[in-house]
Amino acid sequence: MAANQRYREDGAKLGKSLPSAYDPKNVEGKWYRFWEEGKYFRATVEPQKKPFCIVMPPPNVTGELHMGHALDNTLQDVLIRWRRMQGYAALWLPGTDHAGIATQARVEAMLAKEGLTRFDLGRERFLERVWAWKEKYGNVITTQLRRLGASCDWDRERFTMDQGCSEAVREVFLRLYERGLIYRDYYIVNWCPHCRTVISDIEVEHKETAGHLYYIKYPAKDGTGFVVIATTRPETMLGDTAVAVHPEDERYRHLIGKTLVLPLVGREIPVIADDYVDMEFGTGALKVTPAHDPNDFEIGRRHNLPSVKVIGADARMTAEAGARYQGLDRWECRKLVVEDLKREGLLLKVEDLTHAVGHCYRCDTVIEPMVSRQWFVRMKPLAEPAIAAARDGRVRFIPERFTKIYLNWLENIRDWCISRQLWWGHRIPVWHCPDCGASTASRQEIKRCPHCGSARVEQDPDVLDTWFSSALWPFSTLGWPHETADLAYFYPTSVLVTGRDIIFFWVARMIFMGLAFMGEVPFREVFIHGLVLDALGRKMSKSLGNGVDPIEVIESHGADSLRFMLVTGNTPGNDLRFHFEKLDGARNFINKLWNASRFVLMNLGDGVAPPEEPAAYELADRWILSRYREAVAKSTAYLEAYEVGEAARVLYDFIWDEFCDWYIELVKSRLYRGTPGGRAVARSVLRKVLGGTLRLLHPFIPFVTEEIWHHLEPGAKPLIAQTWPADEPELADPAAEADMGRLIEIIRAVRHIRAEMNVPPGRRATVILVAPDAGSRLLVEQNRNYIEELVLGTVTVAVELAAKPEQAAHAVAAGVEIYLPLGGLIDFEKERARLTKELGAVARELARVEGKLGNPDFVAKAPPEVVAKERAKQAELSRKQEVLAGRLKMLG
């Protein structure tokens, strides 16, 4: 491969140096091209290997990368790179969704700028425009995913309307149709007047909206009085066909069976009894409008009520609403109906009410429930196997709590309305004959009616719900309905990574379709993550203007910083708040790794360090190797459990705290002033630990780790093709970890004294360590060089002291008493003056806080969190006052 040849040639010229600062712009594009050209993302069917497969949740072709995509795809990339390094045949299969409503709306908006509608063009020419739009703009998000570092097998990229997926969609439709599971009928549906199509229940967003409750008198036909009903939608009363009361409601029992006269319309309607009626809401009497309310529709079915459609597809009143209201917008009609009721004395009162109103999730238009003839899938036969699969553990949700949500939806599922009144999408493969009235489903286009021979057959104008094709994604993308090698090897896929917001939209549907057509679940595990929220905990949205563009973040901080920030803040199933401070922290970590790697590379010398004998290890070597082994074990275990954030945290802590802040500092004296043998051992350990941590970090931050690896091991395979570090139990050294832990505690205590007492950084101090315990004494004596190097002092070790040193700061750590004589280190007079001034300021602030907390009005009226904050401040100031007073006393 040309890319690999260049890699080897470049590596030979590299030497051991890194630039002084890490610049993502010089690194990321270069490495992604190398990986893609070198086919490192390519998965092949290898029977001797265990397969690991993820299908990417296909982003819409209308979309651009947002933070939700960035999180979702980073998590997938971490898993796929990790399994690839573990030796699996790892396939991450990418693709995009045609996104029926969204894409059609985008193209229609473009046509509107030209003064055209889709109807001006006609179906065929409109679809040509959509395909042209898709070719021009549909690959934006996949280009952006490359910027993120997504290591997908782009040679296998699919599209929900490509030839193979389209064949799968038609085959599934026909098989369900032939089994009697697809049917066409009139039913109440959610209609979007703006998108001019049906949308499913789970595509309706219910928003709390300020409205009114209108109390309307319905006169009895016999003139004996009125029944008062309460409604939030007076315009729909024009389509009422009954008034329902609860059969046990004593107020209305005598009216059941009587006839009322519908106000403004004059239609006679019955009073019926139905258990659905809530006796506590409104007046306890319910107007029944079967054509415009899903609950009323069911009541209408139970009581054989007629259905009067008074609102049309354009949200305007139909002829059934009467000549006075016909053609009015539904909101205009509401105002006129209310005015007319007032005039006739039939409006009793109006109350303010906040209630949930359904909106289209795409365009935010208030949806209109209405009866319409649509195509449906019978869900019970499909849902039952999907329920069983979750109950018996064939598919597992992570976290487990999402299993209940999944089961609850499937156990209460209604038949799925799969038809959409769009032109862009998979057209329903059914042909209707206007001459004999027959309908025929077919895998191929029909030219003549097979029932009567008429040539006037027309294909159904509707297209399938976008989620119908998405539901087949795990097997249609692997070649189904054909028996391909990919399908046999990679199905069922291993894990689905997706957000909690599409469990119903997509996850459940893939499971029941996989079971129906493959006889097996489409994935063994479902790894659910939350949403990316803004710093205030709000959902990112265009309306709030609080979105953060991942590409802008990549431009400013680099892809690795974005990836690491997203994974370190992630816990399965929980939402994540985006903070730029955390992003800066991720960049600081990458810079820390870069600088540590520069140090290691500059100190490795020429050639490869000789292999070391374990007997030559010092305590620090044994400690860091044991801690490295622990980092390998923990990060691997966390990844196995999908605790990706915890795996990243383990590596962060190990690299920042233990490797960079301690081990590198501990070996500097050996590298600069040690014996040749000591230097060789230190170099060998540095190389091993750095190389291992680069491999551990690669799935999380692939660009910077590949760049460093290329300098560290210029003759080796690229990092993406390296193996994941294996557990090395022989490196475990609990004794070294315990001893080093005690030394670190002592060093930290001395450093703390120096900082607290303002000892100048470059001034060497005398440190007296009193260790009555023989083991502690031996530890500090044998490792005196570490302590002296890291605290900048001369260490004296004693069993006990005849008298405590004068004017010495004191501390206890790891069972060792520490004295730091301050004479000659600080200016006592200046230090006393500084401490006195600081103590006074603390005392004044403490008095202010205590005064506030002593005020009963403040404690009673202030928010609890404000009071708690003041109490915490009081405790901190009291502690600080005590510490400062102690220091002053010590200085005399």
# chains A, B, ... in the order shown; residues from 1 in each chain; ligands from 1
>>> residues_around(residues="Thr354 (chain A)", least_positions_apart="3", cutoff="9 Å", atoms="only C-alpha atoms", output="ChimeraX atom specification")
/A:208-212
>>> residues_around(residues="Ile413 (chain A)", least_positions_apart="3", cutoff="12 Å", atoms="only C-alpha atoms", output="ChimeraX atom specification")
/A:200-202,377-384,386-387,406-410,416-417,504,508-509
>>> select_by_dssp(residues="region 494-658 of chain A", states="alpha helix (DSSP H)", output="VMD selection string")
chain A and resid 508 to 518 550 to 557 559 to 568 580 to 603 619 to 640 644 to 653
>>> select_by_dssp(residues="region 697-861 of chain A", states="strand (DSSP E)", output="PyMOL selection string")
chain A and resi 765-770+793-798+808-813+816-821
>>> closest_residue(among="A:Leu601, A:Leu262, A:Leu71, A:Ala389", to="Tyr218 (chain A)", atoms="only C-alpha atoms")
A:Leu262
>>> residues_around(residues="Thr836 (chain A)", least_positions_apart="5", cutoff="9 Å", atoms="only C-alpha atoms", output="list of chain:residue names")
A:Glu831, A:Ala841, A:Leu884, A:Ala885, A:Leu888
>>> write_last_selection(atoms="N, CA, C and O atoms", output="compact mmCIF listing (two decimals), in the first residue's frame")
# COMPACT_ATOMS: atom_id res chain seq x y z
N GLU A 831 6.72 37.40 57.32
CA GLU A 831 5.73 36.33 57.31
C GLU A 831 4.69 36.55 58.40
O GLU A 831 3.50 36.31 58.19
N ALA A 841 -8.34 39.65 57.75
CA ALA A 841 -9.31 39.62 56.66
C ALA A 841 -10.27 38.43 56.80
O ALA A 841 -11.48 38.57 56.58
N LEU A 884 -4.35 29.58 60.25
CA LEU A 884 -3.53 30.80 60.26
C LEU A 884 -3.06 31.14 61.67
O LEU A 884 -1.90 31.54 61.89
N ALA A 885 -3.95 30.97 62.66
CA ALA A 885 -3.57 31.24 64.05
C ALA A 885 -2.47 30.29 64.50
O ALA A 885 -1.52 30.68 65.20
N LEU A 888 0.87 31.43 63.01
CA LEU A 888 1.38 32.61 63.74
C LEU A 888 2.00 32.20 65.07
O LEU A 888 3.07 32.69 65.47
>>> atom_distance(atom1="CA of Trp656 (chain A)", atom2="CA of Arg587 (chain A)")
12.6 Å
>>> closest_atom_pairs(of="region 124-195 of chain A", to="region 31-41 of chain A", cutoff="10 Å", atoms="only C-alpha atoms", output="CSV")
residue,atom,partner,partner_atom,distance
A:Arg146,CA,A:Tyr32,CA,7.3
A:Arg147,CA,A:Tyr32,CA,8.1
A:Leu148,CA,A:Tyr32,CA,9.6
A:Gly149,CA,A:Tyr32,CA,6.9
A:Ala150,CA,A:Tyr32,CA,9.0
A:Ser151,CA,A:Phe41,CA,5.5
A:Cys152,CA,A:Phe41,CA,5.8
A:Asp153,CA,A:Phe41,CA,5.0
A:Trp154,CA,A:Phe41,CA,7.8
A:Asp155,CA,A:Phe41,CA,9.1
>>> residues_around(residues="Thr232 (chain A)", least_positions_apart="5", cutoff="12 Å", atoms="only C-alpha atoms", output="list in words")
Thr209, Ala210, Gly211, His212, Leu213, Tyr214, Tyr215, Ile216, Met237, Phe281, Gly282, Leu286, Lys287, Asp293, Arg334, Val338, Val350, Glu351, Asp352, Leu353, Thr354, His355, Ala356 and Val357 of chain A
>>> residues_around(residues="region 105-116 of chain A", least_positions_apart="5", cutoff="9 Å", atoms="only C-alpha atoms", output="PyMOL selection string")
chain A and resi 62+100+121+126+129-130+133+195
>>> atom_distance(atom1="CA of Val797 (chain A)", atom2="CA of Ile818 (chain A)")
9.8 Å
>>> residues_around(residues="Ile418 (chain A)", least_positions_apart="4", cutoff="12 Å", atoms="only C-alpha atoms", output="VMD selection string")
chain A and resid 173 181 to 185 189 197 to 201 373 to 379 422 425 to 428 462 to 469 471
>>> residues_around(residues="region 440-446 of chain A", least_positions_apart="4", cutoff="7 Å", atoms="only C-alpha atoms", output="PyMOL selection string")
chain A and resi 170-171+174+429-432
>>> write_last_selection(atoms="N, CA, C and O atoms", output="PDB file, in the first residue's frame")
ATOM      1  N   ARG A 170     -38.945  -3.550   0.036  1.00  0.00           N
ATOM      2  CA  ARG A 170     -40.078  -4.103  -0.723  1.00  0.00           C
ATOM      3  C   ARG A 170     -40.341  -5.553  -0.323  1.00  0.00           C
ATOM      4  O   ARG A 170     -41.495  -5.957  -0.172  1.00  0.00           O
ATOM      5  N   GLU A 171     -39.268  -6.312  -0.102  1.00  0.00           N
ATOM      6  CA  GLU A 171     -39.433  -7.718   0.267  1.00  0.00           C
ATOM      7  C   GLU A 171     -40.110  -7.850   1.632  1.00  0.00           C
ATOM      8  O   GLU A 171     -40.999  -8.691   1.823  1.00  0.00           O
ATOM      9  N   LEU A 174     -43.824  -6.993   1.291  1.00  0.00           N
ATOM     10  CA  LEU A 174     -44.600  -8.061   0.649  1.00  0.00           C
ATOM     11  C   LEU A 174     -44.802  -9.251   1.580  1.00  0.00           C
ATOM     12  O   LEU A 174     -45.893  -9.830   1.644  1.00  0.00           O
ATOM     13  N   PRO A 429     -45.546  -0.595  -2.389  1.00  0.00           N
ATOM     14  CA  PRO A 429     -45.598  -1.462  -3.586  1.00  0.00           C
ATOM     15  C   PRO A 429     -46.963  -2.133  -3.761  1.00  0.00           C
ATOM     16  O   PRO A 429     -47.085  -3.354  -3.798  1.00  0.00           O
ATOM     17  N   VAL A 430     -47.988  -1.298  -3.846  1.00  0.00           N
ATOM     18  CA  VAL A 430     -49.356  -1.789  -4.061  1.00  0.00           C
ATOM     19  C   VAL A 430     -49.955  -0.988  -5.221  1.00  0.00           C
ATOM     20  O   VAL A 430     -49.802   0.236  -5.282  1.00  0.00           O
ATOM     21  N   TRP A 431     -50.630  -1.697  -6.112  1.00  0.00           N
ATOM     22  CA  TRP A 431     -51.258  -1.056  -7.281  1.00  0.00           C
ATOM     23  C   TRP A 431     -52.778  -1.211  -7.175  1.00  0.00           C
ATOM     24  O   TRP A 431     -53.281  -2.281  -6.824  1.00  0.00           O
ATOM     25  N   HIS A 432     -53.484  -0.112  -7.412  1.00  0.00           N
ATOM     26  CA  HIS A 432     -54.938  -0.106  -7.311  1.00  0.00           C
ATOM     27  C   HIS A 432     -55.559  -0.046  -8.710  1.00  0.00           C
ATOM     28  O   HIS A 432     -55.086   0.699  -9.579  1.00  0.00           O
TER      29      HIS A 432
END
>>> atom_distance(atom1="CA of Tyr642 (chain A)", atom2="CA of Thr74 (chain A)")
12.9 Å
